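Data block below; observations after.
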Amino acid sequence: MGADIRFDGQVVIVTGAGGGLGRSHALEFARRGAKVVVNDLGAAVDGSGGSSAAAEAVVAEIAAAGGEAIADGASVTNDAGVAAMVERAVAKWGRIDVLIANAGILRDKSFAKMEVADFASVVDVHLMGTVKPVKAVWEIMRSQNYGRIVVTTSSTGLYGNFGQSNYGAAKLALVGFMNTLKLEGGKNDIRVNAISPVAATRMTDSLMPPEMLTKLAPEHVTPGVVYLASQEAPTGAILTAGAGVFALAQIVETDGAYLGTGASAEAVRDNWREITDPAGGEAYQSGAGQTQKFLRKSAE
């Protein structure tokens, strides 16, 4: 049992913090001593419209509890808005320690009925709306030799959900983004992790009965996010969370089978059981691990 996790003197940016998960995260970071940038465009679930009221309300909650926060209404897809948000935080507080990239939209439809524009807009908000804030804080964190970044992935990206091909593509892309940043940020103590939440928010409240919504309150996910943003955080973890349950998701590769460099499609078919045998599977820390396995097995 260690000491309480605290963020005194640290500056935390939470995107999409006007409601749901982001609001819960922002309130908890403030409760633990952080100065918080509450970013929210105040748009509808599909990304349309915008208002600063939601972010201002969360800032008021933080202030009422004795914390310190500022509201920011920038769209995470807007380069100038993201840059201004980061500049404001640095001008006011002198540093940025944590970025929680939480903002998102939904435009659910089966792929057959989905317009390409609805695919592009969801990818833009979830993927580029994470990339742009991360890019804006990256050099600050490198120069500090400290940073914690949490991206928000989803079971839809990890496993699939009907009607969410756009959302799933964007969400799994964030895992690929994290996997490289964990390597590039390591020497400057920038740790990058992913949270995969199941929570009752504006995005899900039409999909679930009331008793399930209570069990899946966003507050039950936030402890995982706080840990992933703490000084003792891991890096490169995909933490799944919902209803008070926490688990680690991993991309695992089987040991596989060496079929020879002249192998045929029929050989792949005939050896499918050995190729897919889970015994000896591994979660690689970088792409090089897979290459080393290929070379090792081909030399056996």
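For the structure tokens, the naming scheme is as follows: chains receive sequential letters (A, B, ...) according to their order of presentation, residues are indexed from 1 within each chain, and ligands are indexed from 1 in presentation order.
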Which of segment 124-172 of chain A counts as helix (DSSP H, G or I) under DSSP, as a VMD selection string please?
-> chain A and resid 124 to 144 155 to 159 165 to 172
Find the residues near segment 163-179 of chain A: any atom within 9 Å, counting only C-alpha atoms, skip ones fewer than 2 places away on the same chain, and give them as a tab-separated table (two decimals) with N, CA and C atoms, in the first residue's frame.
```
chain	number	residue	atom	x	y	z
A	105	ILE	N	-16.90	11.75	-30.95
A	105	ILE	CA	-18.27	11.84	-31.47
A	105	ILE	C	-18.69	10.46	-31.97
A	106	LEU	N	-19.96	10.30	-32.20
A	106	LEU	CA	-20.50	9.07	-32.79
A	106	LEU	C	-21.35	9.39	-34.00
A	107	ARG	N	-21.20	8.61	-35.05
A	107	ARG	CA	-22.12	8.64	-36.18
A	107	ARG	C	-22.35	7.20	-36.62
A	108	ASP	N	-23.14	6.50	-35.83
A	108	ASP	CA	-23.33	5.06	-36.03
A	108	ASP	C	-24.27	4.76	-37.19
A	109	LYS	N	-23.83	3.85	-38.03
A	109	LYS	CA	-24.66	3.28	-39.11
A	109	LYS	C	-23.95	2.04	-39.59
A	110	SER	N	-24.70	1.10	-40.15
A	110	SER	CA	-24.02	-0.04	-40.76
A	110	SER	C	-23.16	0.48	-41.91
A	111	PHE	N	-22.09	-0.22	-42.20
A	111	PHE	CA	-21.15	0.25	-43.22
A	111	PHE	C	-21.84	0.43	-44.57
A	114	MET	N	-23.48	3.81	-44.43
A	114	MET	CA	-22.67	4.94	-43.97
A	114	MET	C	-22.10	5.75	-45.12
A	118	ASP	N	-19.26	10.58	-43.04
A	118	ASP	CA	-19.47	10.21	-41.63
A	118	ASP	C	-18.31	9.38	-41.10
A	119	PHE	N	-17.67	8.64	-41.99
A	119	PHE	CA	-16.46	7.89	-41.60
A	119	PHE	C	-15.33	8.87	-41.32
A	120	ALA	N	-15.15	9.80	-42.25
A	120	ALA	CA	-14.03	10.74	-42.14
A	120	ALA	C	-14.15	11.64	-40.92
A	121	SER	N	-15.37	12.08	-40.60
A	121	SER	CA	-15.54	13.00	-39.48
A	121	SER	C	-15.24	12.31	-38.14
A	122	VAL	N	-15.63	11.05	-38.01
A	122	VAL	CA	-15.37	10.31	-36.77
A	122	VAL	C	-13.87	10.04	-36.62
A	123	VAL	N	-13.21	9.65	-37.71
A	123	VAL	CA	-11.76	9.45	-37.67
A	123	VAL	C	-11.06	10.77	-37.34
A	124	ASP	N	-11.56	11.87	-37.90
A	124	ASP	CA	-10.94	13.18	-37.67
A	124	ASP	C	-10.98	13.55	-36.19
A	125	VAL	N	-12.14	13.38	-35.55
A	125	VAL	CA	-12.26	13.77	-34.14
A	125	VAL	C	-11.50	12.82	-33.22
A	126	HIS	N	-11.67	11.51	-33.40
A	126	HIS	CA	-11.05	10.56	-32.48
A	126	HIS	C	-9.55	10.42	-32.70
A	127	LEU	N	-9.14	10.27	-33.95
A	127	LEU	CA	-7.72	10.05	-34.24
A	127	LEU	C	-6.95	11.37	-34.32
A	128	MET	N	-7.31	12.22	-35.26
A	128	MET	CA	-6.58	13.49	-35.40
A	128	MET	C	-6.86	14.42	-34.20
A	130	THR	N	-6.89	13.45	-31.27
A	130	THR	CA	-5.92	13.02	-30.27
A	130	THR	C	-4.51	13.40	-30.71
A	131	VAL	N	-4.20	13.16	-31.97
A	131	VAL	CA	-2.86	13.46	-32.50
A	131	VAL	C	-2.51	14.94	-32.31
A	149	ILE	N	0.44	10.69	-20.94
A	149	ILE	CA	-0.61	10.84	-21.95
A	149	ILE	C	-1.51	9.61	-21.88
A	150	VAL	N	-2.81	9.84	-21.84
A	150	VAL	CA	-3.77	8.74	-21.89
A	150	VAL	C	-4.69	8.96	-23.08
A	151	VAL	N	-4.67	8.03	-24.03
A	151	VAL	CA	-5.59	8.08	-25.16
A	151	VAL	C	-6.78	7.19	-24.83
A	152	THR	N	-7.88	7.43	-25.51
A	152	THR	CA	-9.11	6.68	-25.22
A	152	THR	C	-9.45	5.77	-26.39
A	153	THR	N	-9.29	4.48	-26.17
A	153	THR	CA	-9.66	3.50	-27.18
A	153	THR	C	-11.03	2.92	-26.83
A	154	SER	N	-11.41	1.81	-27.41
A	154	SER	CA	-12.75	1.26	-27.18
A	154	SER	C	-12.79	-0.22	-27.51
A	155	SER	N	-13.71	-0.92	-26.86
A	155	SER	CA	-13.93	-2.33	-27.21
A	155	SER	C	-14.35	-2.46	-28.67
A	156	THR	N	-14.94	-1.41	-29.23
A	156	THR	CA	-15.31	-1.43	-30.65
A	156	THR	C	-14.07	-1.54	-31.52
A	157	GLY	N	-13.00	-0.85	-31.14
A	157	GLY	CA	-11.75	-0.95	-31.88
A	157	GLY	C	-11.05	-2.27	-31.62
A	158	LEU	N	-11.07	-2.72	-30.37
A	158	LEU	CA	-10.37	-3.95	-29.99
A	158	LEU	C	-11.08	-5.19	-30.52
A	159	TYR	N	-12.42	-5.17	-30.51
A	159	TYR	CA	-13.18	-6.40	-30.78
A	159	TYR	C	-14.31	-6.25	-31.81
A	160	GLY	N	-14.74	-4.99	-32.07
A	160	GLY	CA	-15.82	-4.78	-33.03
A	160	GLY	C	-17.18	-4.60	-32.39
A	161	ASN	N	-18.00	-3.76	-32.99
A	161	ASN	CA	-19.41	-3.60	-32.63
A	161	ASN	C	-20.18	-3.23	-33.88
A	181	LEU	N	4.47	5.92	-29.72
A	181	LEU	CA	4.82	7.01	-28.80
A	181	LEU	C	5.45	6.49	-27.51
A	182	LYS	N	5.04	5.33	-27.05
A	182	LYS	CA	5.64	4.78	-25.81
A	182	LYS	C	7.13	4.54	-26.03
A	183	LEU	N	7.52	4.18	-27.26
A	183	LEU	CA	8.93	3.96	-27.57
A	183	LEU	C	9.68	5.28	-27.71
A	192	VAL	N	2.84	6.68	-22.17
A	192	VAL	CA	1.64	6.78	-22.98
A	192	VAL	C	0.83	5.49	-22.83
A	193	ASN	N	-0.41	5.63	-22.40
A	193	ASN	CA	-1.28	4.49	-22.17
A	193	ASN	C	-2.64	4.73	-22.80
A	194	ALA	N	-3.44	3.67	-22.85
A	194	ALA	CA	-4.79	3.76	-23.41
A	194	ALA	C	-5.80	3.25	-22.39
A	235	THR	N	3.69	2.04	-19.10
A	235	THR	CA	3.59	2.68	-20.42
A	235	THR	C	3.22	1.62	-21.44
A	236	GLY	N	2.40	2.01	-22.41
A	236	GLY	CA	1.97	1.08	-23.45
A	236	GLY	C	0.89	0.11	-23.03
A	237	ALA	N	0.19	0.41	-21.94
A	237	ALA	CA	-0.88	-0.48	-21.45
A	237	ALA	C	-2.22	-0.09	-22.06
A	238	ILE	N	-3.04	-1.09	-22.36
A	238	ILE	CA	-4.45	-0.88	-22.72
A	238	ILE	C	-5.28	-1.36	-21.54
A	285	GLN	N	6.76	-5.92	-27.42
A	285	GLN	CA	6.93	-4.54	-26.98
A	285	GLN	C	7.23	-3.60	-28.14
A	286	SER	N	7.60	-4.17	-29.28
A	286	SER	CA	7.78	-3.37	-30.50
A	286	SER	C	7.70	-4.31	-31.69
```
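The smallest atom-to-atom distance between Arg88 of chain A and any of A:Ala53, A:Ala136, A:Ile62, A:Ala257, using only C-alpha atoms, is found for A:Ala136.
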How many Å lie between atom CA of Thr276 of chain A and atom CA of Ile195 of chain A, rounded to one decimal?
-> 27.9 Å
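Minimum atom-to-atom distances from A:Pro218, A:Pro278, A:Gly20, A:Gly9 to Arg95 of chain A were compared using only C-alpha atoms, and the lowest value belongs to A:Gly9.
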Leaving out Ala84 of chain A and any residue of its chain fewer than 6 positions from it, which residues lie within 12 Å of it when counting only C-alpha atoms, given as a PyMOL selection string?
-> chain A and resi 39+72-76+78+90-91+132-133+136-137
DSSP strand (DSSP E or B) residues within segment 27-233 of chain A, listed as a ChimeraX atom specification = /A:35-39,68-72,98-101,147-152,190-197
Could you check which of A:Gly186, A:Gly256, A:Gly33, A:Gly147 is closest to Leu228 of chain A, using only C-alpha atoms?
->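 Using only C-alpha atoms, Leu228 of chain A sits closest to A:Gly147.
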Closest of A:Ala54, A:Val245, A:Val12, A:Ala101 to Ala89 of chain A - atom-to-atom distances counting only C-alpha atoms | A:Val12
Which is closest to Ala44 of chain A among A:Ile140, A:Ala103, A:Leu21, A:Ile96, if we use only C-alpha atoms?
-> A:Ala103
Selection: 12 Å around Gln231 of chain A, only C-alpha atoms, excl. self and same-chain fewer than 2 positions, as an MDAnalysis selection string | chainID A and resid 3:8 10 97:98 146:149 189:192 226:229 233:235
Two-atom distance - atom CA of Thr15 of chain A, atom CA of Ala34 of chain A (Å) |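 According to the coordinates, atom CA of Thr15 of chain A and atom CA of Ala34 of chain A are separated by 15.1 Å.
For the choices A:Gly18, A:Pro223, A:Gly287, A:Pro197, the atom-to-atom distance to Ala241 of chain A is smallest for A:Pro197 when using only C-alpha atoms.
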Excluding Thr240 of chain A and any residue of its chain fewer than 6 positions from it, enumerate the residues within 7 Å of it, using only C-alpha atoms, and give them as a ChimeraX atom specification.
-> /A:195-197,246-249
How many Å separate atom CA of Thr180 of chain A from atom CA of Val38 of chain A?
->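 Those two atoms sit 26.9 Å apart.
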